[in-house]
Amino acid sequence: GQPIYILTPPMLDEIRCAVRNATAVLQIRATRQGSGRYIVGARLNGKSLERAWLRHVEITNGGELEFDLSDTPVNWGQEMSPPLD
């Protein structure tokens with residue numbers, strides 16, 4: 001396995017996940033336009049993400065992952081593939 005998470009549109013608009021043996025919390029939020037089937041932007045702890053994946057170490061201290069979702073697909077996240085190591 002790899003310590004990589006591939007990002008997909010979340011099914012829920014807001015969720016809180018316990019991480020690091022439940023000592024930290026990762027909050028995931030989604031802002032939808034229409035049905036919100038496609039990710040058009042994302043931020044981790046307020047910083048814009050231009051890739052459609054995260055390393056495990058980026059979320060071990062918790063934080064906030066925000067998604068902007070739309071009915072119309074864009075090229076978001078297609079420029080940088082996940083690492084192979």
# chains A, B, ... in the order shown; residues from 1 in each chain; ligands from 1
>>> select_by_dssp(residues="chain A", states="strand (DSSP E)", output="NGL selection string")
:A and (4-6 or 14-19 or 24-32 or 38-44 or 47-49 or 53-55 or 63-70)
>>> residues_around(residues="Phe67 in chain A", least_positions_apart="3", cutoff="8 Å", atoms="only C-alpha atoms", output="list in words")
Pro9, Ile28, Arg29, Ala30, Thr31, Ile39, Val40, Gly41, Ala42 and Arg43 of chain A
>>> write_last_selection(atoms="all heavy atoms", output="short mmCIF file (atom, residue, chain, number, x, y, z; two decimals), in the first residue's frame")
data_model
loop_
_atom_site.label_atom_id
_atom_site.label_comp_id
_atom_site.auth_asym_id
_atom_site.auth_seq_id
_atom_site.Cartn_x
_atom_site.Cartn_y
_atom_site.Cartn_z
N PRO A 9 -15.23 13.45 -4.82
CA PRO A 9 -16.26 14.31 -4.21
C PRO A 9 -16.89 13.61 -3.00
O PRO A 9 -17.31 12.46 -3.10
CB PRO A 9 -17.29 14.50 -5.33
CG PRO A 9 -16.54 14.23 -6.58
CD PRO A 9 -15.52 13.19 -6.23
N ILE A 28 -13.99 17.68 7.14
CA ILE A 28 -14.14 17.73 5.69
C ILE A 28 -15.44 18.46 5.40
O ILE A 28 -16.49 18.10 5.93
CB ILE A 28 -14.15 16.31 5.09
CG1 ILE A 28 -12.86 15.58 5.45
CG2 ILE A 28 -14.35 16.38 3.58
CD1 ILE A 28 -12.87 14.12 5.11
N ARG A 29 -15.35 19.48 4.54
CA ARG A 29 -16.52 20.28 4.17
C ARG A 29 -16.63 20.36 2.67
O ARG A 29 -15.62 20.43 1.97
CB ARG A 29 -16.42 21.70 4.73
CG ARG A 29 -16.48 21.76 6.21
CD ARG A 29 -16.46 23.18 6.67
NE ARG A 29 -16.50 23.20 8.12
CZ ARG A 29 -16.30 24.26 8.84
NH1 ARG A 29 -16.04 25.42 8.25
NH2 ARG A 29 -16.36 24.21 10.14
N ALA A 30 -17.87 20.39 2.18
CA ALA A 30 -18.12 20.52 0.75
C ALA A 30 -19.11 21.63 0.49
O ALA A 30 -20.15 21.71 1.15
CB ALA A 30 -18.66 19.20 0.19
N THR A 31 -18.78 22.49 -0.46
CA THR A 31 -19.70 23.51 -0.94
C THR A 31 -20.13 23.08 -2.33
O THR A 31 -19.29 22.90 -3.21
CB THR A 31 -19.00 24.88 -1.00
OG1 THR A 31 -18.53 25.21 0.30
CG2 THR A 31 -19.96 25.96 -1.48
N ILE A 39 -15.21 17.83 -8.51
CA ILE A 39 -14.38 18.74 -7.73
C ILE A 39 -13.84 19.81 -8.67
O ILE A 39 -13.24 19.49 -9.70
CB ILE A 39 -13.21 18.00 -7.06
CG1 ILE A 39 -13.72 16.90 -6.13
CG2 ILE A 39 -12.33 18.99 -6.29
CD1 ILE A 39 -12.61 16.00 -5.58
N VAL A 40 -14.06 21.07 -8.32
CA VAL A 40 -13.53 22.17 -9.12
C VAL A 40 -12.48 22.96 -8.34
O VAL A 40 -11.84 23.86 -8.89
CB VAL A 40 -14.66 23.09 -9.63
CG1 VAL A 40 -15.57 22.34 -10.58
CG2 VAL A 40 -15.45 23.71 -8.50
N GLY A 41 -12.28 22.62 -7.09
CA GLY A 41 -11.27 23.25 -6.26
C GLY A 41 -11.24 22.60 -4.89
O GLY A 41 -12.23 21.99 -4.46
N ALA A 42 -10.11 22.70 -4.22
CA ALA A 42 -10.00 22.13 -2.87
C ALA A 42 -8.93 22.91 -2.10
O ALA A 42 -8.01 23.49 -2.68
CB ALA A 42 -9.64 20.66 -2.93
N ARG A 43 -9.08 22.91 -0.78
CA ARG A 43 -8.13 23.56 0.11
C ARG A 43 -7.87 22.66 1.31
O ARG A 43 -8.78 22.03 1.83
CB ARG A 43 -8.68 24.91 0.59
CG ARG A 43 -8.76 25.95 -0.50
CD ARG A 43 -9.57 27.16 -0.10
NE ARG A 43 -10.95 26.84 0.25
CZ ARG A 43 -11.90 26.49 -0.63
NH1 ARG A 43 -11.62 26.39 -1.91
NH2 ARG A 43 -13.13 26.24 -0.23
#
>>> atom_distance(atom1="CA of Asp71 in chain A", atom2="CA of Arg32 in chain A")
8.5 Å
>>> atom_distance(atom1="CA of Trp76 in chain A", atom2="CA of Thr60 in chain A")
24.4 Å
>>> atom_distance(atom1="CA of His56 in chain A", atom2="CA of Arg16 in chain A")
16.3 Å
>>> closest_residue(among="A:Val74, A:Leu84, A:Leu65, A:Ala22", to="Leu49 in chain A", atoms="only C-alpha atoms")
A:Leu65
>>> decode(residues="range 11-35 of chain A", atoms="N, CA, C and O atoms", output="mmCIF file, in the first residue's frame")
data_model
loop_
_atom_site.group_PDB
_atom_site.id
_atom_site.type_symbol
_atom_site.label_atom_id
_atom_site.label_comp_id
_atom_site.auth_asym_id
_atom_site.auth_seq_id
_atom_site.Cartn_x
_atom_site.Cartn_y
_atom_site.Cartn_z
ATOM 1 N N MET A 11 -19.613 12.503 -0.247
ATOM 2 C CA MET A 11 -21.061 12.299 -0.299
ATOM 3 C C MET A 11 -21.795 13.216 0.669
ATOM 4 O O MET A 11 -22.932 13.576 0.438
ATOM 5 N N LEU A 12 -21.141 13.572 1.762
ATOM 6 C CA LEU A 12 -21.752 14.419 2.778
ATOM 7 C C LEU A 12 -21.195 15.834 2.679
ATOM 8 O O LEU A 12 -20.067 16.042 2.237
ATOM 9 N N ASP A 13 -21.973 16.812 3.121
ATOM 10 C CA ASP A 13 -21.517 18.197 3.079
ATOM 11 C C ASP A 13 -20.544 18.534 4.192
ATOM 12 O O ASP A 13 -19.749 19.465 4.076
ATOM 13 N N GLU A 14 -20.586 17.777 5.282
ATOM 14 C CA GLU A 14 -19.671 18.024 6.393
ATOM 15 C C GLU A 14 -19.512 16.745 7.199
ATOM 16 O O GLU A 14 -20.476 16.041 7.467
ATOM 17 N N ILE A 15 -18.260 16.467 7.563
ATOM 18 C CA ILE A 15 -17.976 15.295 8.390
ATOM 19 C C ILE A 15 -16.710 15.575 9.200
ATOM 20 O O ILE A 15 -15.837 16.318 8.767
ATOM 21 N N ARG A 16 -16.642 15.000 10.368
ATOM 22 C CA ARG A 16 -15.467 15.105 11.228
ATOM 23 C C ARG A 16 -14.936 13.700 11.448
ATOM 24 O O ARG A 16 -15.683 12.806 11.812
ATOM 25 N N CYS A 17 -13.619 13.525 11.230
ATOM 26 C CA CYS A 17 -12.968 12.224 11.358
ATOM 27 C C CYS A 17 -11.876 12.303 12.414
ATOM 28 O O CYS A 17 -11.034 13.195 12.367
ATOM 29 N N ALA A 18 -11.891 11.369 13.327
ATOM 30 C CA ALA A 18 -10.812 11.287 14.308
ATOM 31 C C ALA A 18 -9.583 10.697 13.623
ATOM 32 O O ALA A 18 -9.686 9.734 12.869
ATOM 33 N N VAL A 19 -8.429 11.312 13.864
ATOM 34 C CA VAL A 19 -7.168 10.813 13.313
ATOM 35 C C VAL A 19 -6.135 10.727 14.429
ATOM 36 O O VAL A 19 -6.339 11.258 15.515
ATOM 37 N N ARG A 20 -5.048 10.063 14.149
ATOM 38 C CA ARG A 20 -3.946 9.904 15.105
ATOM 39 C C ARG A 20 -4.442 9.412 16.454
ATOM 40 O O ARG A 20 -4.337 10.083 17.477
ATOM 41 N N ASN A 21 -5.016 8.226 16.441
ATOM 42 C CA ASN A 21 -5.537 7.599 17.666
ATOM 43 C C ASN A 21 -6.548 8.482 18.382
ATOM 44 O O ASN A 21 -6.581 8.557 19.600
ATOM 45 N N ALA A 22 -7.363 9.171 17.582
ATOM 46 C CA ALA A 22 -8.457 10.017 18.084
ATOM 47 C C ALA A 22 -7.975 11.219 18.892
ATOM 48 O O ALA A 22 -8.733 11.795 19.651
ATOM 49 N N THR A 23 -6.717 11.621 18.713
ATOM 50 C CA THR A 23 -6.230 12.807 19.423
ATOM 51 C C THR A 23 -6.330 14.061 18.562
ATOM 52 O O THR A 23 -6.053 15.153 19.040
ATOM 53 N N ALA A 24 -6.695 13.906 17.295
ATOM 54 C CA ALA A 24 -6.855 15.042 16.387
ATOM 55 C C ALA A 24 -8.102 14.804 15.536
ATOM 56 O O ALA A 24 -8.595 13.688 15.438
ATOM 57 N N VAL A 25 -8.594 15.867 14.922
ATOM 58 C CA VAL A 25 -9.806 15.782 14.105
ATOM 59 C C VAL A 25 -9.540 16.391 12.731
ATOM 60 O O VAL A 25 -8.992 17.479 12.628
ATOM 61 N N LEU A 26 -9.954 15.665 11.702
ATOM 62 C CA LEU A 26 -9.941 16.192 10.342
ATOM 63 C C LEU A 26 -11.383 16.506 9.987
ATOM 64 O O LEU A 26 -12.246 15.627 10.027
ATOM 65 N N GLN A 27 -11.648 17.762 9.686
ATOM 66 C CA GLN A 27 -12.984 18.178 9.280
ATOM 67 C C GLN A 27 -13.005 18.317 7.772
ATOM 68 O O GLN A 27 -12.149 18.986 7.186
ATOM 69 N N ILE A 28 -13.988 17.677 7.145
ATOM 70 C CA ILE A 28 -14.142 17.730 5.692
ATOM 71 C C ILE A 28 -15.439 18.459 5.396
ATOM 72 O O ILE A 28 -16.489 18.105 5.935
ATOM 73 N N ARG A 29 -15.347 19.484 4.536
ATOM 74 C CA ARG A 29 -16.523 20.281 4.173
ATOM 75 C C ARG A 29 -16.634 20.360 2.666
ATOM 76 O O ARG A 29 -15.623 20.430 1.970
ATOM 77 N N ALA A 30 -17.869 20.393 2.183
ATOM 78 C CA ALA A 30 -18.117 20.516 0.746
ATOM 79 C C ALA A 30 -19.114 21.631 0.491
ATOM 80 O O ALA A 30 -20.145 21.709 1.150
ATOM 81 N N THR A 31 -18.783 22.486 -0.460
ATOM 82 C CA THR A 31 -19.699 23.513 -0.942
ATOM 83 C C THR A 31 -20.129 23.083 -2.335
ATOM 84 O O THR A 31 -19.286 22.900 -3.213
ATOM 85 N N ARG A 32 -21.428 22.887 -2.511
ATOM 86 C CA ARG A 32 -21.947 22.340 -3.768
ATOM 87 C C ARG A 32 -22.666 23.381 -4.607
ATOM 88 O O ARG A 32 -23.407 24.193 -4.088
ATOM 89 N N GLN A 33 -22.446 23.280 -5.904
ATOM 90 C CA GLN A 33 -23.249 23.978 -6.898
ATOM 91 C C GLN A 33 -24.054 22.875 -7.575
ATOM 92 O O GLN A 33 -23.475 21.976 -8.178
ATOM 93 N N GLY A 34 -25.372 22.895 -7.453
ATOM 94 C CA GLY A 34 -26.196 21.817 -8.001
ATOM 95 C C GLY A 34 -25.935 20.515 -7.270
ATOM 96 O O GLY A 34 -25.795 20.491 -6.054
ATOM 97 N N SER A 35 -25.813 19.432 -8.017
ATOM 98 C CA SER A 35 -25.573 18.121 -7.397
ATOM 99 C C SER A 35 -24.131 17.960 -6.940
ATOM 100 O O SER A 35 -23.835 17.108 -6.115
#
